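Here the structure comes first, spelled out in structure tokens, and everything after it is commentary.
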Amino acid sequence: YDLFLDADKQYSCGYFPHGGESLEEAQTAKKRHITAKLKLDQPGLKVLDIGCGWGGLGLDLARDAKAEVLGITLSDDEVFVGLSTALDASDIRRRVGPVRFFSVDGGHRYDDVAHDIRLAAAALHPRGIVVADDFMNAQWPEVSFALVDWLRESDSPLCPFLATVSKLYLCARDDRAFYREHATRFLRGGGHRARETALFSESYLFSRAAMRDRLRYLVKERIVTRLPRRQVAVPA
């Protein structure tokens, strides 16, 4: 594919408005032309791209038109190219700009998580947030090992400000007080309990589900699912 397609690997023909454009210029012109045709005149409009290929059009729509894009492909090769270990921060910034909310969730091996958290920190907006999933989840211990090792590094640019069950939220050190204050208001407003905890001298909030949520979980998961099912007679 790299031999005859552009950088975004667009399969369909490019748009040559003047006839002398290069392949890269023609494919860029095509994507801009499609964006204009879709009339994405306000941020947050939703786009479903069925047969999205390598995702170049969807990334441009998300970056330039601020659209919410869902791309669907059946090709294993096209999905594989999107693995985080194949990305670098400069590529993300080039395509979508600095990221305000970066979710680290996917590969649960130590090397994958170590790469992803560094990728998130490098691509993050100056006031952005990173949420790491499955932190302190006993089923995925390598996630916690990788995150803790990264936080122990003296030049780590982020610090935790909130942890919930299996999730760790991080931000720049200068923004910790700001996000802690807003997290505290949100949690207390929703009836959640929060307490102070620390990791390597980094103080942050820890919240568990409020009592009503815990009771709902208890009733649903611990009681209802254990009740004997009714036997339904099926006519022969």
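By order of appearance in the structure tokens: chains A, B, ..., then residues from 1 within every chain, and ligands from 1 in the order shown.
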If you run DSSP on this backbone, which residues of region 39-148 of chain A come out as alpha helix (DSSP H), and could you give them as number ranges by chain?
A: 56-64, 76-80, 89-96, 110-123, 141-148
Excluding same-chain residues fewer than 2 positions from Ile92 (chain A), what lies within 10 Å of it counting only C-alpha atoms, as a list of chain:residue names?
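The residues that qualify are A:Leu59, A:Leu87, A:Asp88, A:Ala89, A:Ser90, A:Arg94, A:Arg95, A:Val96, A:Gly97, A:Pro98, A:Val99, A:Leu119, A:Ala120, A:Ala122, A:Ala123, A:Leu124.
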Using only C-alpha atoms, find each residue of region 32-113 of chain A with at least one atom at most 7 Å away from an atom of region 129-151 of chain A; report its shortest atom-to-atom pair and that distance in Å (one decimal), sort the rows by chain and rising residue number, and return the result as CSV.
residue,atom,partner,partner_atom,distance
A:Arg100,CA,A:Ile129,CA,6.1
A:Phe101,CA,A:Ile129,CA,5.0
A:Phe102,CA,A:Val130,CA,4.8
A:Ser103,CA,A:Val131,CA,5.0
A:Val104,CA,A:Ala132,CA,4.8
A:Asp105,CA,A:Asp133,CA,5.4
A:His108,CA,A:Val143,CA,5.7
A:Arg109,CA,A:Glu142,CA,5.7
A:Tyr110,CA,A:Glu142,CA,4.9
A:Val113,CA,A:Val143,CA,6.1
With all heavy atoms retained, export the selected residues as an mmCIF file, in the first residue's frame.
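Once written, result_27.cif looks like this:
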data_model
loop_
_atom_site.group_PDB
_atom_site.id
_atom_site.type_symbol
_atom_site.label_atom_id
_atom_site.label_comp_id
_atom_site.auth_asym_id
_atom_site.auth_seq_id
_atom_site.Cartn_x
_atom_site.Cartn_y
_atom_site.Cartn_z
ATOM 1 N N ARG A 100 -7.111 16.653 24.603
ATOM 2 C CA ARG A 100 -7.584 17.147 25.902
ATOM 3 C C ARG A 100 -7.962 16.014 26.850
ATOM 4 O O ARG A 100 -7.899 16.193 28.074
ATOM 5 C CB ARG A 100 -8.781 18.089 25.705
ATOM 6 C CG ARG A 100 -8.416 19.383 24.998
ATOM 7 C CD ARG A 100 -9.593 20.325 24.914
ATOM 8 N NE ARG A 100 -9.223 21.582 24.286
ATOM 9 C CZ ARG A 100 -8.727 22.614 24.945
ATOM 10 N NH1 ARG A 100 -8.541 22.536 26.251
ATOM 11 N NH2 ARG A 100 -8.409 23.730 24.308
ATOM 12 N N PHE A 101 -8.384 14.874 26.313
ATOM 13 C CA PHE A 101 -8.739 13.737 27.161
ATOM 14 C C PHE A 101 -8.215 12.473 26.490
ATOM 15 O O PHE A 101 -8.676 12.099 25.426
ATOM 16 C CB PHE A 101 -10.256 13.647 27.353
ATOM 17 C CG PHE A 101 -10.682 12.611 28.360
ATOM 18 C CD1 PHE A 101 -10.753 12.925 29.704
ATOM 19 C CD2 PHE A 101 -11.002 11.324 27.964
ATOM 20 C CE1 PHE A 101 -11.147 11.982 30.643
ATOM 21 C CE2 PHE A 101 -11.387 10.370 28.878
ATOM 22 C CZ PHE A 101 -11.461 10.706 30.233
ATOM 23 N N PHE A 102 -7.251 11.832 27.120
ATOM 24 C CA PHE A 102 -6.579 10.679 26.531
ATOM 25 C C PHE A 102 -6.848 9.462 27.410
ATOM 26 O O PHE A 102 -6.496 9.446 28.584
ATOM 27 C CB PHE A 102 -5.066 10.943 26.459
ATOM 28 C CG PHE A 102 -4.338 10.087 25.455
ATOM 29 C CD1 PHE A 102 -3.660 10.660 24.402
ATOM 30 C CD2 PHE A 102 -4.313 8.698 25.583
ATOM 31 C CE1 PHE A 102 -2.982 9.894 23.480
ATOM 32 C CE2 PHE A 102 -3.644 7.916 24.668
ATOM 33 C CZ PHE A 102 -2.977 8.510 23.603
ATOM 34 N N SER A 103 -7.496 8.440 26.845
ATOM 35 C CA SER A 103 -7.809 7.214 27.585
ATOM 36 C C SER A 103 -6.778 6.143 27.261
ATOM 37 O O SER A 103 -6.582 5.797 26.093
ATOM 38 C CB SER A 103 -9.212 6.719 27.218
ATOM 39 O OG SER A 103 -9.484 5.474 27.849
ATOM 40 N N VAL A 104 -6.106 5.636 28.282
ATOM 41 C CA VAL A 104 -5.152 4.541 28.120
ATOM 42 C C VAL A 104 -5.863 3.253 28.501
ATOM 43 O O VAL A 104 -6.049 2.942 29.675
ATOM 44 C CB VAL A 104 -3.897 4.746 28.995
ATOM 45 C CG1 VAL A 104 -2.960 3.551 28.882
ATOM 46 C CG2 VAL A 104 -3.182 6.026 28.598
ATOM 47 N N ASP A 105 -6.311 2.533 27.497
ATOM 48 C CA ASP A 105 -7.075 1.307 27.735
ATOM 49 C C ASP A 105 -6.956 0.451 26.485
ATOM 50 O O ASP A 105 -7.279 0.893 25.394
ATOM 51 C CB ASP A 105 -8.539 1.628 28.025
ATOM 52 C CG ASP A 105 -9.364 0.387 28.325
ATOM 53 O OD1 ASP A 105 -8.760 -0.650 28.671
ATOM 54 O OD2 ASP A 105 -10.595 0.453 28.228
ATOM 55 N N HIS A 108 -2.829 -4.702 27.718
ATOM 56 C CA HIS A 108 -2.655 -4.796 29.159
ATOM 57 C C HIS A 108 -1.300 -5.383 29.543
ATOM 58 O O HIS A 108 -1.074 -5.694 30.708
ATOM 59 C CB HIS A 108 -3.781 -5.640 29.775
ATOM 60 C CG HIS A 108 -5.115 -4.941 29.770
ATOM 61 N ND1 HIS A 108 -5.846 -4.756 28.622
ATOM 62 C CD2 HIS A 108 -5.838 -4.373 30.769
ATOM 63 C CE1 HIS A 108 -6.964 -4.112 28.915
ATOM 64 N NE2 HIS A 108 -6.983 -3.869 30.204
ATOM 65 N N ARG A 109 -0.412 -5.542 28.578
ATOM 66 C CA ARG A 109 0.936 -5.982 28.891
ATOM 67 C C ARG A 109 1.771 -4.790 29.349
ATOM 68 O O ARG A 109 1.499 -3.648 29.003
ATOM 69 C CB ARG A 109 1.588 -6.641 27.669
ATOM 70 C CG ARG A 109 0.895 -7.905 27.185
ATOM 71 C CD ARG A 109 1.655 -8.541 26.020
ATOM 72 N NE ARG A 109 1.877 -7.607 24.930
ATOM 73 C CZ ARG A 109 3.070 -7.132 24.583
ATOM 74 N NH1 ARG A 109 4.156 -7.514 25.237
ATOM 75 N NH2 ARG A 109 3.191 -6.313 23.563
ATOM 76 N N TYR A 110 2.799 -5.070 30.106
ATOM 77 C CA TYR A 110 3.634 -4.018 30.680
ATOM 78 C C TYR A 110 4.169 -3.083 29.592
ATOM 79 O O TYR A 110 4.068 -1.853 29.709
ATOM 80 C CB TYR A 110 4.793 -4.652 31.467
ATOM 81 C CG TYR A 110 5.685 -3.651 32.159
ATOM 82 C CD1 TYR A 110 5.508 -3.375 33.509
ATOM 83 C CD2 TYR A 110 6.711 -2.998 31.470
ATOM 84 C CE1 TYR A 110 6.332 -2.442 34.154
ATOM 85 C CE2 TYR A 110 7.526 -2.072 32.104
ATOM 86 C CZ TYR A 110 7.333 -1.805 33.445
ATOM 87 O OH TYR A 110 8.139 -0.885 34.072
ATOM 88 N N VAL A 113 1.451 -0.765 28.046
ATOM 89 C CA VAL A 113 1.016 0.314 28.938
ATOM 90 C C VAL A 113 2.123 1.356 29.097
ATOM 91 O O VAL A 113 1.861 2.565 29.091
ATOM 92 C CB VAL A 113 0.605 -0.254 30.304
ATOM 93 C CG1 VAL A 113 0.189 0.869 31.254
ATOM 94 C CG2 VAL A 113 -0.537 -1.257 30.153
#
Go ahead and compute the interatomic distance for CA of Val47 (chain A) and CA of Arg93 (chain A), in Å to one decimal.
21.2 Å
Using DSSP on the backbone coordinates, identify the residues of region 104-177 of chain A assigned to strand (DSSP E or B); present them as a PDB file with N, CA and C atoms, in the first residue's frame.
ATOM      1  N   VAL A 104      -6.106   5.636  28.282  1.00  0.00           N
ATOM      2  CA  VAL A 104      -5.152   4.541  28.120  1.00  0.00           C
ATOM      3  C   VAL A 104      -5.863   3.253  28.501  1.00  0.00           C
ATOM      4  N   LEU A 124      -0.573  15.170  24.954  1.00  0.00           N
ATOM      5  CA  LEU A 124      -1.615  15.806  25.738  1.00  0.00           C
ATOM      6  C   LEU A 124      -1.596  17.325  25.603  1.00  0.00           C
ATOM      7  N   HIS A 125      -2.774  17.907  25.640  1.00  0.00           N
ATOM      8  CA  HIS A 125      -2.928  19.359  25.728  1.00  0.00           C
ATOM      9  C   HIS A 125      -2.352  19.829  27.062  1.00  0.00           C
ATOM     10  N   PRO A 126      -1.818  21.068  27.149  1.00  0.00           N
ATOM     11  CA  PRO A 126      -1.224  21.519  28.409  1.00  0.00           C
ATOM     12  C   PRO A 126      -2.135  21.385  29.624  1.00  0.00           C
ATOM     13  N   ARG A 127      -3.458  21.465  29.436  1.00  0.00           N
ATOM     14  CA  ARG A 127      -4.387  21.311  30.550  1.00  0.00           C
ATOM     15  C   ARG A 127      -5.229  20.051  30.398  1.00  0.00           C
ATOM     16  N   GLY A 128      -4.702  19.084  29.676  1.00  0.00           N
ATOM     17  CA  GLY A 128      -5.447  17.865  29.412  1.00  0.00           C
ATOM     18  C   GLY A 128      -5.426  16.877  30.567  1.00  0.00           C
ATOM     19  N   ILE A 129      -6.218  15.804  30.393  1.00  0.00           N
ATOM     20  CA  ILE A 129      -6.356  14.750  31.395  1.00  0.00           C
ATOM     21  C   ILE A 129      -6.086  13.401  30.743  1.00  0.00           C
ATOM     22  N   VAL A 130      -5.379  12.544  31.462  1.00  0.00           N
ATOM     23  CA  VAL A 130      -5.188  11.150  31.049  1.00  0.00           C
ATOM     24  C   VAL A 130      -5.900  10.266  32.055  1.00  0.00           C
ATOM     25  N   VAL A 131      -6.696   9.331  31.567  1.00  0.00           N
ATOM     26  CA  VAL A 131      -7.311   8.340  32.449  1.00  0.00           C
ATOM     27  C   VAL A 131      -6.745   6.972  32.081  1.00  0.00           C
ATOM     28  N   ALA A 132      -6.182   6.296  33.061  1.00  0.00           N
ATOM     29  CA  ALA A 132      -5.609   4.963  32.863  1.00  0.00           C
ATOM     30  C   ALA A 132      -6.575   3.931  33.431  1.00  0.00           C
ATOM     31  N   ASP A 133      -7.031   3.058  32.578  1.00  0.00           N
ATOM     32  CA  ASP A 133      -8.015   2.046  32.991  1.00  0.00           C
ATOM     33  C   ASP A 133      -7.312   0.826  33.588  1.00  0.00           C
ATOM     34  N   LEU A 158       3.352  14.123  34.542  1.00  0.00           N
ATOM     35  CA  LEU A 158       1.986  14.090  35.065  1.00  0.00           C
ATOM     36  C   LEU A 158       1.970  13.544  36.484  1.00  0.00           C
ATOM     37  N   CYS A 159       0.873  13.822  37.188  1.00  0.00           N
ATOM     38  CA  CYS A 159       0.686  13.300  38.535  1.00  0.00           C
ATOM     39  C   CYS A 159      -0.791  12.940  38.710  1.00  0.00           C
ATOM     40  N   PRO A 160      -1.105  12.019  39.606  1.00  0.00           N
ATOM     41  CA  PRO A 160      -2.505  11.646  39.815  1.00  0.00           C
ATOM     42  C   PRO A 160      -3.254  12.698  40.627  1.00  0.00           C
ATOM     43  N   PHE A 161      -4.529  12.900  40.280  1.00  0.00           N
ATOM     44  CA  PHE A 161      -5.361  13.784  41.104  1.00  0.00           C
ATOM     45  C   PHE A 161      -6.638  13.089  41.570  1.00  0.00           C
ATOM     46  N   LEU A 162      -6.960  11.929  40.959  1.00  0.00           N
ATOM     47  CA  LEU A 162      -8.167  11.203  41.351  1.00  0.00           C
ATOM     48  C   LEU A 162      -8.026   9.744  40.954  1.00  0.00           C
ATOM     49  N   ALA A 163      -8.517   8.867  41.808  1.00  0.00           N
ATOM     50  CA  ALA A 163      -8.601   7.445  41.473  1.00  0.00           C
ATOM     51  C   ALA A 163      -9.990   6.963  41.849  1.00  0.00           C
ATOM     52  N   THR A 164     -10.604   6.218  40.954  1.00  0.00           N
ATOM     53  CA  THR A 164     -11.845   5.527  41.259  1.00  0.00           C
ATOM     54  C   THR A 164     -11.552   4.044  41.157  1.00  0.00           C
ATOM     55  N   LYS A 167      -9.575   2.938  37.967  1.00  0.00           N
ATOM     56  CA  LYS A 167      -9.207   4.023  37.056  1.00  0.00           C
ATOM     57  C   LYS A 167      -8.344   5.041  37.804  1.00  0.00           C
ATOM     58  N   LEU A 168      -7.322   5.533  37.107  1.00  0.00           N
ATOM     59  CA  LEU A 168      -6.443   6.553  37.667  1.00  0.00           C
ATOM     60  C   LEU A 168      -6.441   7.753  36.723  1.00  0.00           C
ATOM     61  N   TYR A 169      -6.722   8.932  37.264  1.00  0.00           N
ATOM     62  CA  TYR A 169      -6.786  10.160  36.477  1.00  0.00           C
ATOM     63  C   TYR A 169      -5.535  10.992  36.755  1.00  0.00           C
ATOM     64  N   LEU A 170      -4.900  11.474  35.679  1.00  0.00           N
ATOM     65  CA  LEU A 170      -3.660  12.228  35.803  1.00  0.00           C
ATOM     66  C   LEU A 170      -3.748  13.546  35.052  1.00  0.00           C
ATOM     67  N   CYS A 171      -2.958  14.509  35.518  1.00  0.00           N
ATOM     68  CA  CYS A 171      -2.888  15.812  34.856  1.00  0.00           C
ATOM     69  C   CYS A 171      -1.507  16.403  35.115  1.00  0.00           C
ATOM     70  N   ALA A 172      -1.243  17.548  34.537  1.00  0.00           N
ATOM     71  CA  ALA A 172       0.009  18.244  34.808  1.00  0.00           C
ATOM     72  C   ALA A 172       0.049  18.679  36.271  1.00  0.00           C
TER      73      ALA A 172
END
Between CA of Lys37 (chain A) and CA of Ser12 (chain A), what distance in Å does the model show, to one decimal?
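These atoms are spaced 16.5 Å apart.
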Name all residues at most 9 Å from Ala62 (chain A) (count only C-alpha atoms; drop same-chain ones fewer than 5 positions away) and give them as a count of residues only.
7
